[in-house]
>>> print(open('model09.txt').read())   # compact mmCIF, C-alpha atoms
# COMPACT_ATOMS: atom_id res chain seq x y z
CA MET Q 1 -130.89 -94.72 222.54
CA ASP Q 2 -131.27 -91.09 221.50
CA ILE Q 3 -130.12 -88.14 223.62
CA LYS Q 4 -133.54 -87.48 225.16
CA GLN Q 5 -133.90 -91.11 226.23
CA TYR Q 6 -130.34 -91.16 227.56
CA MET Q 7 -130.85 -88.02 229.64
CA GLU Q 8 -134.18 -89.26 230.99
CA GLN Q 9 -132.42 -92.46 232.06
CA LEU Q 10 -129.82 -90.39 233.92
CA GLY Q 11 -132.64 -88.40 235.48
CA ARG Q 12 -134.50 -91.47 236.71
CA GLN Q 13 -131.30 -92.94 238.12
CA ALA Q 14 -130.45 -89.67 239.85
CA ARG Q 15 -133.91 -89.36 241.40
CA GLU Q 16 -133.70 -92.89 242.75
CA ALA Q 17 -130.15 -92.32 244.01
CA SER Q 18 -131.14 -89.06 245.71
CA ARG Q 19 -133.15 -90.98 248.30
CA GLY Q 20 -130.15 -93.05 249.29
CA MET Q 21 -127.89 -89.99 249.34
CA ALA Q 22 -130.31 -88.14 251.64
CA ARG Q 23 -130.59 -91.13 254.02
CA ALA Q 24 -126.84 -91.62 254.41
CA ASP Q 25 -125.27 -90.50 257.66
CA THR Q 26 -122.40 -88.05 257.94
CA ALA Q 27 -119.73 -90.72 258.42
CA THR Q 28 -120.76 -92.54 255.23
CA ARG Q 29 -120.73 -89.40 253.12
CA ASN Q 30 -117.37 -88.36 254.57
CA ARG Q 31 -116.01 -91.83 253.85
CA ALA Q 32 -116.95 -91.46 250.18
CA LEU Q 33 -115.22 -88.07 249.97
CA THR Q 34 -112.06 -89.45 251.58
CA LEU Q 35 -111.98 -92.39 249.18
CA ILE Q 36 -112.34 -90.04 246.19
CA ALA Q 37 -109.53 -87.81 247.47
CA ASP Q 38 -107.28 -90.84 247.95
CA ALA Q 39 -108.09 -92.10 244.44
CA ILE Q 40 -107.25 -88.74 242.86
CA GLU Q 41 -103.86 -88.71 244.59
CA ARG Q 42 -103.25 -92.34 243.58
CA ASP Q 43 -104.23 -91.86 239.93
CA ALA Q 44 -102.80 -88.35 239.40
CA ASP Q 45 -100.65 -89.54 236.49
CA ALA Q 46 -103.66 -91.01 234.70
CA LEU Q 47 -105.61 -87.79 235.24
CA ARG Q 48 -102.77 -85.70 233.81
CA ALA Q 49 -102.61 -88.01 230.78
CA ALA Q 50 -106.35 -87.67 230.19
CA ASN Q 51 -106.10 -83.90 230.59
CA GLN Q 52 -103.27 -83.78 228.05
CA LEU Q 53 -105.54 -85.45 225.49
CA ASP Q 54 -108.07 -82.69 226.11
CA MET Q 55 -105.43 -79.95 225.97
CA ASP Q 56 -104.00 -81.24 222.67
CA ALA Q 57 -107.45 -81.42 221.09
CA ALA Q 58 -108.41 -77.98 222.40
CA ALA Q 59 -105.22 -76.38 221.07
CA ALA Q 60 -105.76 -78.03 217.68
CA ASN Q 61 -109.30 -76.64 217.64
CA GLY Q 62 -108.04 -73.12 218.33
CA LEU Q 63 -109.43 -72.72 221.85
CA GLU Q 64 -108.56 -69.27 223.16
CA ALA Q 65 -105.85 -68.80 225.78
CA ALA Q 66 -108.22 -68.02 228.67
CA MET Q 67 -110.14 -71.25 228.05
CA LEU Q 68 -106.93 -73.28 227.75
CA ASP Q 69 -105.89 -71.88 231.11
CA ARG Q 70 -109.15 -73.06 232.63
CA LEU Q 71 -108.82 -76.48 231.02
CA ALA Q 72 -105.29 -77.22 232.25
CA LEU Q 73 -105.04 -79.67 235.16
CA SER Q 74 -101.72 -78.78 236.79
CA ASP Q 75 -100.13 -80.48 239.79
CA LYS Q 76 -101.35 -77.56 241.87
CA ALA Q 77 -104.91 -77.99 240.53
CA ILE Q 78 -104.89 -81.68 241.44
CA ALA Q 79 -103.59 -80.91 244.92
CA THR Q 80 -106.27 -78.23 245.31
CA MET Q 81 -109.00 -80.70 244.32
CA VAL Q 82 -107.78 -83.15 246.95
CA GLU Q 83 -107.48 -80.43 249.60
CA GLY Q 84 -110.96 -79.18 248.72
CA LEU Q 85 -112.44 -82.64 249.33
CA ARG Q 86 -110.63 -82.97 252.65
CA GLN Q 87 -111.88 -79.54 253.69
CA ILE Q 88 -115.43 -80.59 252.85
CA VAL Q 89 -114.99 -83.67 255.04
CA ALA Q 90 -113.96 -81.41 257.93
CA LEU Q 91 -116.95 -79.09 257.53
CA PRO Q 92 -119.99 -79.50 259.79
CA ASP Q 93 -122.76 -81.51 258.19
CA PRO Q 94 -125.75 -79.21 257.67
CA ILE Q 95 -128.24 -81.99 256.94
CA GLY Q 96 -130.78 -82.63 259.67
CA GLU Q 97 -129.83 -79.52 261.64
CA ILE Q 98 -132.88 -78.03 263.38
CA SER Q 99 -132.90 -74.32 264.12
CA GLY Q 100 -135.28 -71.69 265.46
CA LEU Q 101 -137.28 -74.01 267.68
CA LYS Q 102 -139.89 -72.10 269.67
CA PHE Q 103 -143.04 -72.93 271.60
CA ARG Q 104 -146.34 -71.63 270.33
CA PRO Q 105 -149.24 -70.74 272.68
CA THR Q 106 -150.94 -73.96 271.59
CA GLY Q 107 -148.12 -76.04 273.09
CA ILE Q 108 -146.53 -77.18 269.81
CA GLN Q 109 -142.87 -76.50 269.05
CA VAL Q 110 -142.08 -75.13 265.57
CA GLY Q 111 -138.62 -75.03 263.95
CA GLN Q 112 -136.85 -75.56 260.65
CA MET Q 113 -134.78 -78.52 259.49
CA ARG Q 114 -132.07 -78.29 256.82
CA VAL Q 115 -132.56 -80.88 254.06
CA PRO Q 116 -130.99 -81.68 250.66
CA LEU Q 117 -132.41 -80.08 247.52
CA GLY Q 118 -132.63 -83.51 245.84
CA VAL Q 119 -131.14 -83.73 242.34
CA ILE Q 120 -128.83 -80.98 241.13
CA GLY Q 121 -127.86 -80.61 237.49
CA ILE Q 122 -124.57 -78.80 236.94
CA ILE Q 123 -123.49 -77.49 233.53
CA TYR Q 124 -119.98 -76.12 233.16
CA GLU Q 125 -117.22 -75.44 230.66
CA SER Q 126 -113.52 -76.27 230.56
CA ARG Q 127 -112.47 -76.60 234.19
CA PRO Q 128 -112.20 -80.31 235.11
CA ASN Q 129 -111.76 -79.39 238.79
CA VAL Q 130 -115.44 -78.40 238.81
CA THR Q 131 -116.29 -82.09 238.40
CA VAL Q 132 -114.68 -82.87 241.75
CA ASP Q 133 -115.75 -79.69 243.56
CA ALA Q 134 -119.37 -80.19 242.50
CA ALA Q 135 -119.40 -83.91 243.26
CA GLY Q 136 -117.87 -83.31 246.69
CA LEU Q 137 -120.33 -80.63 247.72
CA CYS Q 138 -123.32 -82.58 246.46
CA ILE Q 139 -122.23 -85.74 248.27
CA LYS Q 140 -121.65 -83.93 251.57
CA SER Q 141 -125.00 -82.11 251.30
CA GLY Q 142 -126.88 -85.36 250.63
CA ASN Q 143 -127.80 -84.55 247.02
CA ALA Q 144 -127.57 -86.58 243.85
CA THR Q 145 -126.10 -84.76 240.87
CA ILE Q 146 -125.86 -84.93 237.09
CA LEU Q 147 -122.71 -83.25 235.79
CA ARG Q 148 -122.47 -82.01 232.23
CA GLY Q 149 -118.93 -80.75 231.61
CA GLY Q 150 -117.66 -79.06 228.48
CA SER Q 151 -116.87 -81.19 225.45
CA GLU Q 152 -113.29 -79.91 225.58
CA ALA Q 153 -112.74 -81.71 228.94
CA ILE Q 154 -114.45 -85.00 228.11
CA HIS Q 155 -111.42 -87.28 228.62
CA CYS Q 156 -110.52 -85.82 232.00
CA ASN Q 157 -114.13 -85.75 233.18
CA ARG Q 158 -114.56 -89.41 232.27
CA ALA Q 159 -111.44 -90.28 234.27
CA LEU Q 160 -112.67 -88.28 237.26
CA ALA Q 161 -116.17 -89.78 237.02
CA LYS Q 162 -114.65 -93.24 237.33
CA LEU Q 163 -112.85 -92.27 240.53
CA VAL Q 164 -115.95 -90.63 242.02
CA LYS Q 165 -118.01 -93.74 241.31
CA GLN Q 166 -115.39 -95.92 243.00
CA GLY Q 167 -115.56 -93.69 246.08
CA LEU Q 168 -119.35 -93.82 246.25
CA GLU Q 169 -119.45 -97.60 245.91
CA GLY Q 170 -116.61 -98.03 248.40
CA ALA Q 171 -118.60 -96.12 251.01
CA GLY Q 172 -121.84 -97.98 250.29
CA LEU Q 173 -123.58 -95.02 248.64
CA PRO Q 174 -125.58 -95.28 245.39
CA ALA Q 175 -123.22 -95.49 242.40
CA ASN Q 176 -125.54 -93.15 240.51
CA GLY Q 177 -125.33 -90.50 243.22
CA VAL Q 178 -122.97 -88.65 240.88
CA GLN Q 179 -123.34 -89.13 237.13
CA VAL Q 180 -121.26 -87.44 234.44
CA VAL Q 181 -123.01 -87.00 231.09
CA ASP Q 182 -120.96 -89.14 228.73
CA THR Q 183 -121.70 -87.34 225.49
CA THR Q 184 -120.52 -84.11 223.90
CA ASP Q 185 -123.83 -83.60 222.08
CA ARG Q 186 -125.19 -80.16 223.01
CA ALA Q 187 -128.71 -81.58 222.94
CA ALA Q 188 -127.92 -83.13 226.33
CA VAL Q 189 -127.96 -79.64 227.87
CA GLY Q 190 -131.39 -78.90 226.40
CA ALA Q 191 -132.75 -82.13 227.85
CA LEU Q 192 -131.18 -81.63 231.29
CA ILE Q 193 -132.65 -78.15 231.81
CA THR Q 194 -136.17 -79.26 230.87
CA MET Q 195 -136.59 -82.27 233.19
CA PRO Q 196 -138.23 -80.81 236.32
CA GLN Q 197 -139.65 -84.24 237.10
CA TYR Q 198 -136.10 -85.48 237.75
CA VAL Q 199 -133.98 -82.37 238.41
CA ASP Q 200 -134.68 -79.91 241.24
CA VAL Q 201 -132.20 -77.17 240.39
CA ILE Q 202 -129.66 -76.31 237.68
CA VAL Q 203 -126.31 -74.68 238.44
CA PRO Q 204 -124.67 -73.35 235.27
CA ARG Q 205 -120.99 -72.38 235.26
CA GLY Q 206 -119.90 -70.94 231.95
CA GLY Q 207 -119.81 -68.02 229.57
CA LYS Q 208 -122.53 -65.51 228.87
CA SER Q 209 -123.81 -67.39 225.83
CA LEU Q 210 -124.40 -70.55 227.89
CA ILE Q 211 -126.15 -68.68 230.71
CA ALA Q 212 -128.27 -66.67 228.27
CA ARG Q 213 -129.37 -69.86 226.53
CA LEU Q 214 -130.33 -71.49 229.82
CA MET Q 215 -132.22 -68.42 231.00
CA ALA Q 216 -134.27 -68.58 227.80
CA GLU Q 217 -134.91 -72.33 227.69
CA ALA Q 218 -134.77 -73.82 231.20
CA THR Q 219 -137.90 -75.05 232.95
CA VAL Q 220 -135.86 -76.09 236.02
CA PRO Q 221 -134.97 -73.35 238.58
CA MET Q 222 -131.38 -72.10 238.42
CA ILE Q 223 -128.65 -70.82 240.75
CA LYS Q 224 -126.49 -68.68 238.45
CA HIS Q 225 -124.44 -65.64 237.64
CA LEU Q 226 -124.22 -64.24 234.13
CA ASP Q 227 -120.78 -62.63 234.25
CA GLY Q 228 -118.21 -61.10 236.59
CA ILE Q 229 -117.78 -57.38 236.02
CA CYS Q 230 -115.85 -56.69 239.22
CA HIS Q 231 -114.67 -53.28 240.43
CA VAL Q 232 -111.94 -51.99 242.71
CA TYR Q 233 -112.37 -48.43 244.01
CA ILE Q 234 -109.26 -46.66 245.31
CA ASP Q 235 -110.50 -44.05 247.76
CA ALA Q 236 -108.83 -40.69 248.45
CA LYS Q 237 -107.82 -42.04 251.86
CA ALA Q 238 -106.31 -45.28 250.55
CA ASP Q 239 -102.96 -46.61 251.75
CA LEU Q 240 -100.71 -46.43 248.67
CA LYS Q 241 -99.03 -49.82 249.18
CA LYS Q 242 -102.37 -51.57 249.67
CA ALA Q 243 -103.74 -49.84 246.57
CA LEU Q 244 -100.80 -51.00 244.45
CA ASP Q 245 -100.75 -54.55 245.77
CA ILE Q 246 -104.51 -55.06 245.48
CA GLY Q 247 -104.90 -53.17 242.21
CA PHE Q 248 -102.24 -55.35 240.58
CA ASN Q 249 -103.34 -58.67 242.09
CA ALA Q 250 -107.04 -58.19 241.38
CA LYS Q 251 -106.30 -57.81 237.68
CA CYS Q 252 -103.13 -59.79 237.00
CA HIS Q 253 -103.29 -62.81 239.31
CA ARG Q 254 -105.43 -64.58 236.69
CA TYR Q 255 -107.26 -63.08 233.75
CA GLY Q 256 -109.77 -65.81 232.96
CA THR Q 257 -111.77 -65.90 236.20
CA CYS Q 258 -115.09 -64.31 237.12
CA ASN Q 259 -113.62 -62.62 240.23
CA THR Q 260 -110.93 -60.75 238.30
CA MET Q 261 -111.18 -56.94 238.39
CA GLU Q 262 -112.43 -55.53 235.08
CA THR Q 263 -112.87 -51.85 236.06
CA LEU Q 264 -110.63 -49.72 238.26
CA LEU Q 265 -112.17 -46.61 239.80
CA VAL Q 266 -109.84 -44.03 241.35
CA ALA Q 267 -110.71 -41.00 243.46
CA ARG Q 268 -109.62 -37.79 241.78
CA ALA Q 269 -107.59 -36.63 244.80
CA ILE Q 270 -105.30 -39.66 244.75
CA ALA Q 271 -105.25 -40.45 241.02
CA PRO Q 272 -102.05 -38.48 240.12
CA LEU Q 273 -100.21 -40.38 242.84
CA VAL Q 274 -101.49 -43.92 242.40
CA LEU Q 275 -102.23 -44.30 238.66
CA PRO Q 276 -98.64 -43.83 237.37
CA GLU Q 277 -97.40 -46.36 239.95
CA LEU Q 278 -100.07 -48.89 239.00
CA ALA Q 279 -99.36 -48.29 235.32
CA ARG Q 280 -95.73 -49.30 235.83
CA LEU Q 281 -96.94 -52.59 237.33
CA TYR Q 282 -99.48 -53.20 234.58
CA ALA Q 283 -96.85 -52.52 231.93
CA THR Q 284 -94.85 -55.53 233.15
CA LYS Q 285 -97.83 -57.69 232.11
CA GLN Q 286 -98.66 -55.64 228.98
CA VAL Q 287 -102.15 -54.90 230.27
CA GLU Q 288 -104.15 -52.69 227.92
CA LEU Q 289 -105.72 -49.79 229.82
CA ARG Q 290 -108.98 -48.39 228.44
CA ALA Q 291 -109.21 -45.06 230.21
CA ASP Q 292 -111.68 -42.22 230.40
CA GLY Q 293 -110.42 -38.78 229.36
CA GLU Q 294 -109.22 -37.71 232.79
CA ALA Q 295 -107.36 -40.95 233.46
CA ALA Q 296 -105.90 -40.93 229.94
CA ALA Q 297 -104.34 -37.53 230.61
CA ILE Q 298 -102.45 -38.98 233.58
CA LEU Q 299 -101.57 -42.15 231.66
CA GLN Q 300 -100.60 -40.46 228.38
CA ASP Q 301 -97.13 -42.07 228.32
CA TYR Q 302 -98.44 -45.57 229.01
CA PRO Q 303 -97.57 -47.85 226.02
CA HIS Q 304 -100.84 -49.82 225.92
CA LEU Q 305 -103.48 -47.10 226.24
CA ALA Q 306 -106.88 -46.81 224.55
CA ALA Q 307 -109.90 -44.60 225.03
CA ALA Q 308 -112.71 -46.19 227.02
CA THR Q 309 -116.11 -46.47 225.38
CA GLU Q 310 -119.51 -46.84 227.00
CA GLU Q 311 -119.39 -50.56 226.18
CA ASP Q 312 -116.18 -51.03 228.17
CA TRP Q 313 -117.88 -50.26 231.49
CA SER Q 314 -120.16 -53.30 231.05
CA THR Q 315 -117.62 -55.72 229.54
CA GLU Q 316 -116.11 -58.78 231.18
CA TYR Q 317 -112.78 -59.03 229.35
CA LEU Q 318 -111.29 -62.22 230.86
CA ALA Q 319 -108.06 -60.91 229.32
CA ALA Q 320 -105.20 -58.46 229.93
CA ILE Q 321 -107.49 -55.47 229.48
CA LEU Q 322 -108.65 -53.09 232.22
CA SER Q 323 -111.11 -50.20 232.18
CA VAL Q 324 -109.98 -47.17 234.22
CA LYS Q 325 -112.12 -44.27 235.35
CA ILE Q 326 -111.50 -41.33 237.66
CA VAL Q 327 -114.38 -40.40 239.95
CA ALA Q 328 -114.91 -37.44 242.24
CA ASP Q 329 -115.52 -39.48 245.38
CA MET Q 330 -117.04 -42.66 246.80
CA ASP Q 331 -120.59 -41.59 245.96
CA GLU Q 332 -119.72 -41.38 242.27
CA ALA Q 333 -117.85 -44.69 242.51
CA MET Q 334 -120.86 -46.43 244.06
CA GLU Q 335 -123.17 -44.92 241.46
CA HIS Q 336 -120.94 -46.29 238.70
CA ILE Q 337 -120.73 -49.71 240.35
CA ASN Q 338 -124.45 -50.04 240.94
CA THR Q 339 -125.05 -49.01 237.30
CA TYR Q 340 -122.55 -51.26 235.52
CA SER Q 341 -121.68 -54.08 237.92
CA SER Q 342 -122.88 -57.63 237.37
CA LYS Q 343 -123.33 -57.79 241.17
CA HIS Q 344 -120.50 -60.27 241.60
CA THR Q 345 -117.66 -58.70 243.65
CA GLU Q 346 -116.52 -55.15 244.44
CA ALA Q 347 -113.72 -53.84 246.68
CA ILE Q 348 -112.81 -50.51 248.27
CA ILE Q 349 -109.27 -49.54 249.25
CA THR Q 350 -109.43 -47.02 252.08
CA GLU Q 351 -108.27 -46.25 255.60
CA ASP Q 352 -111.52 -44.40 256.33
CA HIS Q 353 -113.60 -46.81 258.42
CA SER Q 354 -116.85 -44.86 258.01
CA ALA Q 355 -116.47 -44.79 254.24
CA ALA Q 356 -115.66 -48.49 254.17
CA MET Q 357 -118.77 -49.39 256.14
CA ARG Q 358 -120.93 -47.23 253.86
CA PHE Q 359 -119.45 -49.08 250.88
CA LEU Q 360 -120.35 -52.44 252.48
CA ARG Q 361 -123.94 -51.34 253.10
CA GLU Q 362 -124.69 -49.52 249.87
CA VAL Q 363 -122.97 -51.56 247.16
CA ASP Q 364 -125.47 -54.16 245.95
CA SER Q 365 -123.24 -57.13 245.06
CA SER Q 366 -122.92 -60.68 246.32
CA SER Q 367 -119.43 -60.03 247.75
CA VAL Q 368 -118.20 -56.62 248.95
CA MET Q 369 -114.68 -56.21 250.31
CA ILE Q 370 -112.55 -53.73 252.24
CA ASN Q 371 -108.81 -53.64 251.49
CA ALA Q 372 -108.69 -57.06 249.82
CA SER Q 373 -108.36 -58.37 246.28
CA THR Q 374 -111.53 -59.41 244.45
CA ARG Q 375 -109.72 -62.68 243.69
CA PHE Q 376 -110.69 -63.84 247.19
CA ALA Q 377 -114.34 -64.17 246.09
CA ASP Q 378 -114.15 -67.93 245.97
CA GLY Q 379 -115.67 -70.76 247.97
CA PHE Q 380 -112.27 -72.29 248.78
CA GLU Q 381 -110.93 -68.95 250.04
CA TYR Q 382 -114.14 -68.32 252.03
CA GLY Q 383 -113.68 -71.60 253.90
CA LEU Q 384 -116.53 -73.41 252.17
CA GLY Q 385 -114.18 -76.24 251.15
CA ALA Q 386 -115.13 -75.69 247.55
CA GLU Q 387 -117.89 -73.97 245.68
CA ILE Q 388 -120.42 -75.21 243.20
CA GLY Q 389 -120.67 -71.77 241.63
CA ILE Q 390 -121.29 -68.15 242.43
CA SER Q 391 -124.77 -66.67 242.49
CA ASN Q 392 -125.53 -63.00 241.99
CA ASP Q 393 -129.25 -63.69 242.35
CA LYS Q 394 -130.95 -62.64 245.57
CA LEU Q 395 -133.21 -65.63 246.17
CA HIS Q 396 -132.10 -68.85 247.89
CA ALA Q 397 -128.31 -68.48 247.51
CA ARG Q 398 -126.02 -65.49 246.96
CA GLY Q 399 -122.26 -65.31 246.45
CA PRO Q 400 -120.10 -68.47 246.49
CA VAL Q 401 -122.46 -71.44 246.84
CA GLY Q 402 -121.20 -74.05 249.29
CA LEU Q 403 -122.94 -76.68 251.39
CA GLU Q 404 -125.78 -74.55 252.78
CA GLY Q 405 -126.56 -73.22 249.31
CA LEU Q 406 -127.29 -76.80 248.22
CA THR Q 407 -129.85 -77.32 250.95
CA SER Q 408 -133.31 -76.07 251.76
CA LEU Q 409 -135.32 -75.63 254.93
CA LYS Q 410 -138.56 -77.32 255.83
CA TYR Q 411 -140.71 -76.62 258.87
CA VAL Q 412 -140.88 -79.29 261.55
CA VAL Q 413 -143.39 -79.44 264.37
CA PHE Q 414 -143.06 -81.27 267.70
CA GLY Q 415 -146.37 -81.93 269.37
CA HIS Q 416 -147.63 -83.61 272.51
CA GLY Q 417 -151.11 -84.59 271.34
CA GLU Q 418 -152.29 -81.01 270.65
CA VAL Q 419 -155.26 -80.48 268.33
CA ARG Q 420 -156.35 -77.22 266.76
CA ASN Q 421 -159.48 -75.63 268.17
>>> encode(input="model09.txt", output="structure tokens")
Amino acid sequence: MDIKQYMEQLGRQAREASRGMARADTATRNRALTLIADAIERDADALRAANQLDMDAAAANGLEAAMLDRLALSDKAIATMVEGLRQIVALPDPIGEISGLKFRPTGIQVGQMRVPLGVIGIIYESRPNVTVDAAGLCIKSGNATILRGGSEAIHCNRALAKLVKQGLEGAGLPANGVQVVDTTDRAAVGALITMPQYVDVIVPRGGKSLIARLMAEATVPMIKHLDGICHVYIDAKADLKKALDIGFNAKCHRYGTCNTMETLLVARAIAPLVLPELARLYATKQVELRADGEAAAILQDYPHLAAATEEDWSTEYLAAILSVKIVADMDEAMEHINTYSSKHTEAIITEDHSAAMRFLREVDSSSVMINASTRFADGFEYGLGAEIGISNDKLHARGPVGLEGLTSLKYVVFGHGEVRN
């Protein structure tokens, strides 16, 4: 069959499976997650072998270093996938929870019940761990899902899909509760995002070109973020050690992630003290600093220095490049952030509690932090077990999207024979 027919078949199967997923009790869904975790541990060698096929093909095709880093399935990544599933098992089940019950003057009781969204389509690139994170969250939240991973991870995703299916069947859940699109044809994406009769929401995880395409073509609602232009602001009243530790970690812990710092803002009063110390740390990783004029004057002896352009302030590098700007104070820092940020994650380093609380209130991003690295903006680190993505939208879900982000609320009414007059 052609791609459109194939995707419609997946859609029909997912819609049918969604009813069984929503009906399943907590114990059954947890049983499936446990079986999948056990299977991943058992078949780790086979997963590594499948991933190596993908890595070899990607390297031969000239995939850039940041994407190769995302594609690699290390021992640590496998252990994290397993731990993520076990954390999801331990999380409270949101499905069926009734909140806000109150009596009305008529005698009826009105509240809201948390329910699955239905069928979730997830489109992502490179990272094979997303296959497991997404499957786990969708299973626990009672949703069916269609997963379309990147063509560069096809061997690993196929191997993971097999293990997920075994777990679903072993727990008595519909085998089609999680389906991985088994084609690298890009037309599959176009079909998936235009099937509102089968798919309730799309969650894209990928580069700007993918998100831009989906924003232009999708007829299914999306939970998304376009890019991660994250800022760290070092305030005049920052603790120097915290500023150095966080400033280095936020940029250099990993370059290819959406929660990596891309712009460093430094208060003028502390810049001569903190910038040379940070520069010594960045030099160990050969980070290129793109600085405004004032910062460049302080960093003039730094070996990897370039002049910042207007474009730099709105660029997600995903590489060993960092924009640096000196600002007068927190007000100027917040003005810069609210102008150039992608509304993903921002952090302030300060010992001034009042300033920190103003920063929390006035910076309009999905995660705002005090004295912590932006690299913590992650569902696993937030205790969600795993995340299906990060949303910088304001409707439905915002920030790392875990179990509750994959559910909706419906009104429920308890009556005792009341009729409306």
>>> residues_around(input="model09.txt", residues="Q:Glu8", least_positions_apart="5", cutoff="12 Å", atoms="all atoms listed in the file", output="list in words")
Met1, Asp2, Ile3, Gln13, Ala14, Arg15, Ile146, Val181, Ala188, Val189, Gly190, Ala191, Leu192, Ile193, Thr194, Met195, Pro196, Gln197, Tyr198 and Val199 of chain Q
>>> closest_residue(input="model09.txt", among="Q:Thr145, Q:Asp69, Q:Asp235, Q:Ser342", to="Q:Arg268", atoms="only C-alpha atoms")
Q:Asp235
>>> residues_around(input="model09.txt", residues="stretch 106-119 of chain Q", least_positions_apart="5", cutoff="9 Å", atoms="all atoms listed in the file", output="MDAnalysis selection string")
chainID Q and resid 11 14:15 17:19 21:22 94:101 138 141:146 177 198:202 404 406:420
>>> closest_residue(input="model09.txt", among="Q:Pro272, Q:Gly149, Q:Pro128, Q:Gly20", to="Q:Arg70", atoms="all atoms listed in the file")
Q:Pro128
>>> atom_distance(input="model09.txt", atom1="atom CA of Q:Gln87", atom2="atom CA of Q:Pro400")
15.6 Å
>>> atom_distance(input="model09.txt", atom1="atom CA of Q:Val266", atom2="atom CA of Q:His253")
20.0 Å
>>> closest_residue(input="model09.txt", among="Q:Lys251, Q:Arg290, Q:Lys285, Q:Arg186", to="Q:Val232", atoms="all atoms listed in the file")
Q:Lys251
>>> residues_near_point(input="model09.txt", point="(-110.0, -83.4, 247.6)", cutoff="10 Å", atoms="only C-alpha atoms", output="list in words")
Leu33, Thr34, Leu35, Ile36, Ala37, Asp38, Ala39, Ile40, Glu41, Ile78, Ala79, Thr80, Met81, Val82, Glu83, Gly84, Leu85, Arg86, Gln87, Ile88, Val89, Asn129, Val132, Asp133, Gly136, Gly385 and Ala386 of chain Q
>>> closest_atom_pairs(input="model09.txt", of="stretch 212-285 of chain Q", to="stretch 348-369 of chain Q", cutoff="9 Å", atoms="all atoms listed in the file", output="Markdown table")
| residue | atom | partner | partner_atom | distance |
| --- | --- | --- | --- | --- |
| Q:His231 | CA | Q:Ile348 | CA | 8.5 |
| Q:Val232 | CA | Q:Ile348 | CA | 5.8 |
| Q:Tyr233 | CA | Q:Ile348 | CA | 4.8 |
| Q:Ile234 | CA | Q:Ile349 | CA | 4.9 |
| Q:Asp235 | CA | Q:Thr350 | CA | 5.4 |
| Q:Ala236 | CA | Q:Thr350 | CA | 7.3 |
| Q:Lys237 | CA | Q:Thr350 | CA | 5.2 |
| Q:Ala238 | CA | Q:Thr350 | CA | 3.9 |
| Q:Asp239 | CA | Q:Thr350 | CA | 6.5 |
| Q:Lys242 | CA | Q:Ile349 | CA | 7.2 |
| Q:Ala243 | CA | Q:Ile349 | CA | 6.2 |
| Q:Ile246 | CA | Q:Ile349 | CA | 8.2 |
>>> write_last_selection(input="model09.txt", atoms="C-alpha atoms", output="CSV table (one decimal), in the coordinates of the input")
chain,number,residue,atom,x,y,z
Q,231,HIS,CA,-114.7,-53.3,240.4
Q,232,VAL,CA,-111.9,-52.0,242.7
Q,233,TYR,CA,-112.4,-48.4,244.0
Q,234,ILE,CA,-109.3,-46.7,245.3
Q,235,ASP,CA,-110.5,-44.0,247.8
Q,236,ALA,CA,-108.8,-40.7,248.4
Q,237,LYS,CA,-107.8,-42.0,251.9
Q,238,ALA,CA,-106.3,-45.3,250.6
Q,239,ASP,CA,-103.0,-46.6,251.8
Q,242,LYS,CA,-102.4,-51.6,249.7
Q,243,ALA,CA,-103.7,-49.8,246.6
Q,246,ILE,CA,-104.5,-55.1,245.5
>>> atom_distance(input="model09.txt", atom1="atom CA of Q:Ala161", atom2="atom CA of Q:Ile211")
24.2 Å
>>> residues_around(input="model09.txt", residues="Q:Asn392", least_positions_apart="6", cutoff="12 Å", atoms="all atoms listed in the file", output="list of chain:residue names")
Q:Met222, Q:Ile223, Q:Lys224, Q:His225, Q:Leu226, Q:Asp227, Q:Gly228, Q:Ile229, Q:Cys230, Q:Cys258, Q:Ser341, Q:Ser342, Q:Lys343, Q:His344, Q:Thr345, Q:Asp364, Q:Ser365, Q:Ser366, Q:Ser367, Q:Val368, Q:Ala377, Q:Arg398, Q:Gly399, Q:Pro400, Q:Val401
>>> closest_residue(input="model09.txt", among="Q:Leu273, Q:Ala44, Q:Ala24, Q:Leu403", to="Q:Ala171", atoms="all atoms listed in the file")
Q:Ala24
>>> closest_residue(input="model09.txt", among="Q:Gly170, Q:Ser323, Q:Glu217, Q:Ser373", to="Q:Phe248", atoms="all atoms listed in the file")
Q:Ser373
>>> closest_residue(input="model09.txt", among="Q:Asp54, Q:Asp378, Q:Asp182, Q:Asp43", to="Q:Glu152", atoms="all atoms listed in the file")
Q:Asp54
